[in-house]
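To keep things clear, I will list the structure first and then write my remarks on it.
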Amino acid sequence: MHDHASLDEVDLALVNALQIHPRAPWSLIGGVLGIDPVTAARRWARLERAGLAWISAYPPTTPTQATAFVELVCEPGRGVDVARELADDPQAITVDVTAGGRDVLVTVSTPDPQVLSRYLLERMSRVEHLQQVRSHPAVRIYTEASRWRLRALDHEQAARMAWEPGPTTGLVKLTEQDWAIAVALAADGRTPVAALAEAAGTSTSTVRRRMARMLASRQLRLRCELARTQSGWPVYAWFFARVPPAHLDDTARTLARIPEVRAVTSTAGPHNVIIAVWQRSLADVQDLETHMSRLLPNLDIVDRSIVVRPVKLVGRLLDERGHATGSVPLDTRSSP
């Protein structure tokens with residue numbers, strides 16, 4: 001790890017370009033940024049080595065997908081211990097230690113309700129120092145963090161990087177090869193096709209076809225992440241809200257368009273909308289809450305939590321600075 005490593009303007013532009021097109025060829029990235037493609041690749045390698053930026057993949061979405069936000073109340077002083085234990089689980093894709101009405105907040109992703117039930121009932125019962133578990137099953141994801149942008153590129157540069165994976169198709173049952181490709185991409189979203197073919201035990205042409213189909217159907221989503229302390233938005237907050245069912249869809253869609261909002265999910269729990277935001281300061285978190293309440297009179301923000309230590313972010317293990325130190329293979333099918 002390089003403690004002294006930090007990002008300059010070119011690095012931020014590079015991250016922004018990879019947020020838009022995570023597997024873009026270095027020739028395109030270099031052309032858009034006005035640097036040599038070899039220089040672009042070398043800069044990216046430095047950021048990855050330092051744990052400052054990385055490209056991961058969400059667990060692949062299945063037709064029976066079951067996801068939940070899980071709030072944990074722990075014995076005093078044990079939140080970090082509980083968070084670190086759960087961070088080793090593939091199903092716990094994101095784990096945050098928080099201040100507020102919960103000590104730890106876990107995003108759990110599983111391919112079907114049975115695995116989710118086993119995780120919540122059986123796995124959680126084995127965790128020491130845990131006093132209370134509250135779960136909020138996700139109903140609909142309105143926006144998620146792979147769509148969040150750094151805004152370091154100008155409009156023309158962003159347009160040149162624009163990439164669409166193809167016409168959206170419906171969700172299909174995933175094969176063993178699909179899962180092998182997805183798990184390899186979760187470890188490194190820019191894994192070369194030849195290495196993916198080896199991991200999946202198939203040909204490069206099959207990998208290209210299967211990966212293109214999963215990306216087009218949005219069953220597989222890649223995302224370029226940046227250590228939050230390097231992003232200019234160091235404060236990470238979660239809001240728990242209630243919205244009357246008749247206004248839920250419109251309210252959630254409006255929230256999803258607010259630039260500081262990283263994720264909006266409707267849930268079946270006591271709070272039916274959960275919102276994640278990045279902000280520049282704690283004062284900005286309060287200002288944003290005021291803005292959301294004025295903009296959306298049907299939105300009742302019941303509770304909020306500030307992340308005091310991120311432990312895991314979509315499979316990436318993080319140190320206390322939020323720098324990536326490793327990853328947990330994201331095969332969420334396994335029994336917890």
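Please note that chains go A, B, ... in the order of the structure tokens, that every chain numbers its residues from 1, and that ligands are numbered from 1 in the order shown.
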Each residue of segment 240-317 of chain A lying at most 8 Å from segment 220-233 of chain A should get a row with its shortest atom-to-atom pair and the distance in Å to one decimal, counting only C-alpha atoms; could you produce that, ordered by chain and increasing number, as JSON lines?
```
{"residue": "A:Trp278", "atom": "CA", "partner": "A:Trp233", "partner_atom": "CA", "distance": 5.5}
{"residue": "A:Gln279", "atom": "CA", "partner": "A:Trp233", "partner_atom": "CA", "distance": 4.7}
{"residue": "A:Arg280", "atom": "CA", "partner": "A:Trp233", "partner_atom": "CA", "distance": 4.3}
{"residue": "A:Ser281", "atom": "CA", "partner": "A:Trp233", "partner_atom": "CA", "distance": 7.6}
```
N, CA and C atoms of the current selection, written as a PDB file, in the first residue's frame:
```pdb
ATOM      1  N   TRP A 278     -23.654  10.500  -0.815  1.00  0.00           N
ATOM      2  CA  TRP A 278     -22.313  10.995  -0.512  1.00  0.00           C
ATOM      3  C   TRP A 278     -22.401  12.508  -0.459  1.00  0.00           C
ATOM      4  N   GLN A 279     -21.756  13.106   0.540  1.00  0.00           N
ATOM      5  CA  GLN A 279     -21.779  14.556   0.672  1.00  0.00           C
ATOM      6  C   GLN A 279     -20.399  15.077   1.061  1.00  0.00           C
ATOM      7  N   ARG A 280     -20.219  16.398   0.918  1.00  0.00           N
ATOM      8  CA  ARG A 280     -18.911  16.999   1.210  1.00  0.00           C
ATOM      9  C   ARG A 280     -18.715  17.251   2.705  1.00  0.00           C
ATOM     10  N   SER A 281     -19.810  17.404   3.471  1.00  0.00           N
ATOM     11  CA  SER A 281     -19.692  17.677   4.903  1.00  0.00           C
ATOM     12  C   SER A 281     -20.974  17.234   5.599  1.00  0.00           C
TER      13      SER A 281
END
```
(message) Residues near Val15 of chain A, anyone? I mean within 12 Å using only C-alpha atoms, not counting same-chain ones fewer than 6 positions away, as a count of residues only.
(response) 35
(request) Write down as a PyMOL selection string the residues belonging to segment 177-233 of chain A that are assigned helix (DSSP H, G or I) by DSSP computed on the backbone. (result) chain A and resi 177-187+193-200+204-216+228-230
Selected residues, C-alpha atoms, written as a CSV table (one decimal), in the first residue's frame, please.
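Okay, part.csv is ready:
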```csv
chain,number,residue,atom,x,y,z
A,177,GLN,CA,-20.2,-20.5,-17.0
A,178,ASP,CA,-22.1,-17.2,-16.4
A,179,TRP,CA,-21.4,-17.4,-12.6
A,180,ALA,CA,-17.8,-18.2,-13.2
A,181,ILE,CA,-17.4,-15.1,-15.4
A,182,ALA,CA,-19.3,-12.9,-13.0
A,183,VAL,CA,-17.2,-14.1,-10.0
A,184,ALA,CA,-14.0,-13.4,-11.9
A,185,LEU,CA,-15.2,-9.9,-12.9
A,186,ALA,CA,-16.2,-9.2,-9.3
A,187,ALA,CA,-12.5,-9.6,-8.3
A,193,VAL,CA,-11.3,-12.2,-21.9
A,194,ALA,CA,-8.7,-15.0,-22.1
A,195,ALA,CA,-8.5,-15.2,-18.3
A,196,LEU,CA,-12.3,-15.2,-18.0
A,197,ALA,CA,-12.4,-18.1,-20.5
A,198,GLU,CA,-9.9,-20.0,-18.4
A,199,ALA,CA,-12.0,-19.3,-15.2
A,200,ALA,CA,-15.2,-20.5,-17.0
A,204,THR,CA,-13.1,-16.6,-25.6
A,205,SER,CA,-15.9,-16.3,-28.1
A,206,THR,CA,-18.3,-17.9,-25.7
A,207,VAL,CA,-17.2,-15.5,-22.9
A,208,ARG,CA,-17.6,-12.5,-25.1
A,209,ARG,CA,-21.1,-13.6,-26.1
A,210,ARG,CA,-22.2,-14.6,-22.5
A,211,MET,CA,-20.7,-11.4,-21.0
A,212,ALA,CA,-22.4,-9.2,-23.6
A,213,ARG,CA,-25.8,-10.9,-22.9
A,214,MET,CA,-25.4,-10.4,-19.2
A,215,LEU,CA,-24.4,-6.8,-19.5
A,216,ALA,CA,-27.2,-6.1,-22.0
A,228,ARG,CA,-14.5,8.0,-0.8
A,229,THR,CA,-11.8,10.1,0.9
A,230,GLN,CA,-10.4,10.8,-2.5
```
Enumerate, in order of chain and increasing residue number, the residues of segment 274-334 of chain A with an atom no farther than 8 Å from segment 111-120 of chain A, each with its shortest atom pair and distance in Å to one decimal, counting only C-alpha atoms, as a tab-separated table.
```
residue	atom	partner	partner_atom	distance
A:Thr332	CA	A:Pro111	CA	6.8
A:Arg333	CA	A:Pro111	CA	6.1
A:Ser334	CA	A:Val115	CA	8.0
```
Output file for the selection above: N, CA and C atoms, as a PDB file, in the first residue's frame:
```pdb
ATOM      1  N   THR A 332     -22.729 -15.619  -4.476  1.00  0.00           N
ATOM      2  CA  THR A 332     -23.751 -15.502  -3.429  1.00  0.00           C
ATOM      3  C   THR A 332     -24.696 -16.702  -3.376  1.00  0.00           C
ATOM      4  N   ARG A 333     -24.463 -17.691  -4.238  1.00  0.00           N
ATOM      5  CA  ARG A 333     -25.338 -18.874  -4.254  1.00  0.00           C
ATOM      6  C   ARG A 333     -25.081 -19.771  -3.056  1.00  0.00           C
ATOM      7  N   SER A 334     -23.870 -19.732  -2.512  1.00  0.00           N
ATOM      8  CA  SER A 334     -23.471 -20.715  -1.501  1.00  0.00           C
ATOM      9  C   SER A 334     -24.315 -20.575  -0.240  1.00  0.00           C
TER      10      SER A 334
END
```
(request) Could you please determine the separation between atom CA of Ala162 of chain A and atom CA of Gln19 of chain A in Å, to one decimal place? (result) 10.0 Å
(message) When you look at Gln131 of chain A with a cut-off of 7 Å (counting only C-alpha atoms), what residues show up, excluding the ones that are within fewer than 3 positions of it in the same chain? I need them as a ChimeraX atom specification.
(response) /A:73-75
Create the file for the chosen residues now, containing C-alpha atoms and written as an mmCIF file, in the first residue's frame.
```
data_model
loop_
_atom_site.group_PDB
_atom_site.id
_atom_site.type_symbol
_atom_site.label_atom_id
_atom_site.label_comp_id
_atom_site.auth_asym_id
_atom_site.auth_seq_id
_atom_site.Cartn_x
_atom_site.Cartn_y
_atom_site.Cartn_z
ATOM 1 C CA VAL A 73 -27.429 -3.523 17.010
ATOM 2 C CA CYS A 74 -24.340 -4.918 18.746
ATOM 3 C CA GLU A 75 -22.930 -5.110 22.261
#
```
(request) Tell me, in Å to one decimal, how far atom CA of Ser305 of chain A is from atom CA of Leu86 of chain A. (result) 19.3 Å
(message) Give me, as a PyMOL selection string, all polymer residues having an atom no more than 12 Å from Leu248 of chain A, counting only C-alpha atoms and skipping those fewer than 3 positions away in the same chain.
(response) chain A and resi 139-140+142+241-245+251-255+264-268+271-274+296-300
Can you write out the residues you just picked, keeping C-alpha atoms, as a CSV table (one decimal), in the first residue's frame?
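Generated output (again36.csv):
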```csv
chain,number,residue,atom,x,y,z
A,139,VAL,CA,-38.6,-4.5,-3.5
A,140,ARG,CA,-37.3,-2.3,-6.3
A,142,TYR,CA,-34.5,2.8,-8.5
A,241,ALA,CA,-37.9,7.1,5.0
A,242,ARG,CA,-41.6,6.5,4.7
A,243,VAL,CA,-43.7,7.4,1.7
A,244,PRO,CA,-47.5,6.7,1.3
A,245,PRO,CA,-47.7,3.8,-1.2
A,251,THR,CA,-41.0,10.0,-5.0
A,252,ALA,CA,-38.3,7.4,-5.5
A,253,ARG,CA,-37.8,8.4,-9.2
A,254,THR,CA,-37.3,12.0,-8.2
A,255,LEU,CA,-34.9,11.0,-5.4
A,264,VAL,CA,-32.6,4.6,-3.8
A,265,THR,CA,-34.4,1.3,-3.0
A,266,SER,CA,-38.0,0.7,-2.0
A,267,THR,CA,-38.3,-2.0,0.7
A,268,ALA,CA,-40.9,-4.1,2.5
A,271,HIS,CA,-39.2,2.2,6.3
A,272,ASN,CA,-40.3,1.7,2.7
A,273,VAL,CA,-37.6,3.8,1.1
A,274,ILE,CA,-33.8,3.6,1.9
A,296,LEU,CA,-41.0,15.9,-1.8
A,297,PRO,CA,-43.8,16.7,0.6
A,298,ASN,CA,-44.8,13.0,0.8
A,299,LEU,CA,-41.3,12.0,1.9
A,300,ASP,CA,-41.0,11.5,5.7
```
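Reported to one decimal place, the separation of atom CA of Val314 of chain A from atom CA of Thr62 of chain A is 16.8 Å.
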(request) For Arg42 of chain A, work out the shell of residues within 12 Å, counting only C-alpha atoms and skipping chain neighbours fewer than 4 positions away, then give it as number ranges by chain. (result) A: 11, 14, 26, 30, 35-38, 46-49
(message) Nearest residue to Val104 of chain A out of A:Ile306, A:Trp163, A:Thr175, A:Pro192, using only C-alpha atoms?
(response)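 Checking each candidate against Val104 of chain A, we get A:Ile306 as the closest.
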Applying 9 Å and only C-alpha atoms, which residues near Asp103 of chain A remain after dropping the ones on its own chain fewer than 6 positions away? List them as a PDB file with C-alpha atoms, in the first residue's frame.
```
ATOM      1  CA  GLU A  71     -29.606  -3.257  10.529  1.00  0.00           C
ATOM      2  CA  LEU A  72     -27.618  -4.703  13.412  1.00  0.00           C
ATOM      3  CA  VAL A  73     -27.429  -3.523  17.010  1.00  0.00           C
ATOM      4  CA  CYS A  74     -24.340  -4.918  18.746  1.00  0.00           C
ATOM      5  CA  ARG A  78     -18.347  -4.660  19.199  1.00  0.00           C
ATOM      6  CA  GLY A  79     -19.639  -3.129  15.953  1.00  0.00           C
ATOM      7  CA  VAL A  80     -16.316  -3.355  14.109  1.00  0.00           C
ATOM      8  CA  ASP A  96     -20.756  -0.359   7.053  1.00  0.00           C
ATOM      9  CA  VAL A  97     -20.189   0.551  10.699  1.00  0.00           C
TER      10      VAL A  97
END
```
(request) Please return as a PyMOL selection string: the residues of segment 99-287 of chain A that backbone DSSP assigns to strand (DSSP E or B). (result) chain A and resi 99+104-110+130-143+222-226+235-242+261-267+273-279
(message) List the spatial neighbours of Glu289 of chain A as a PyMOL selection string - criterion: any atom at most 12 Å away, only C-alpha atoms, same-chain residues fewer than 6 positions off excluded.
(response) chain A and resi 237-241+255+258+260-261+275-277+279+282-283+295-297+299-304
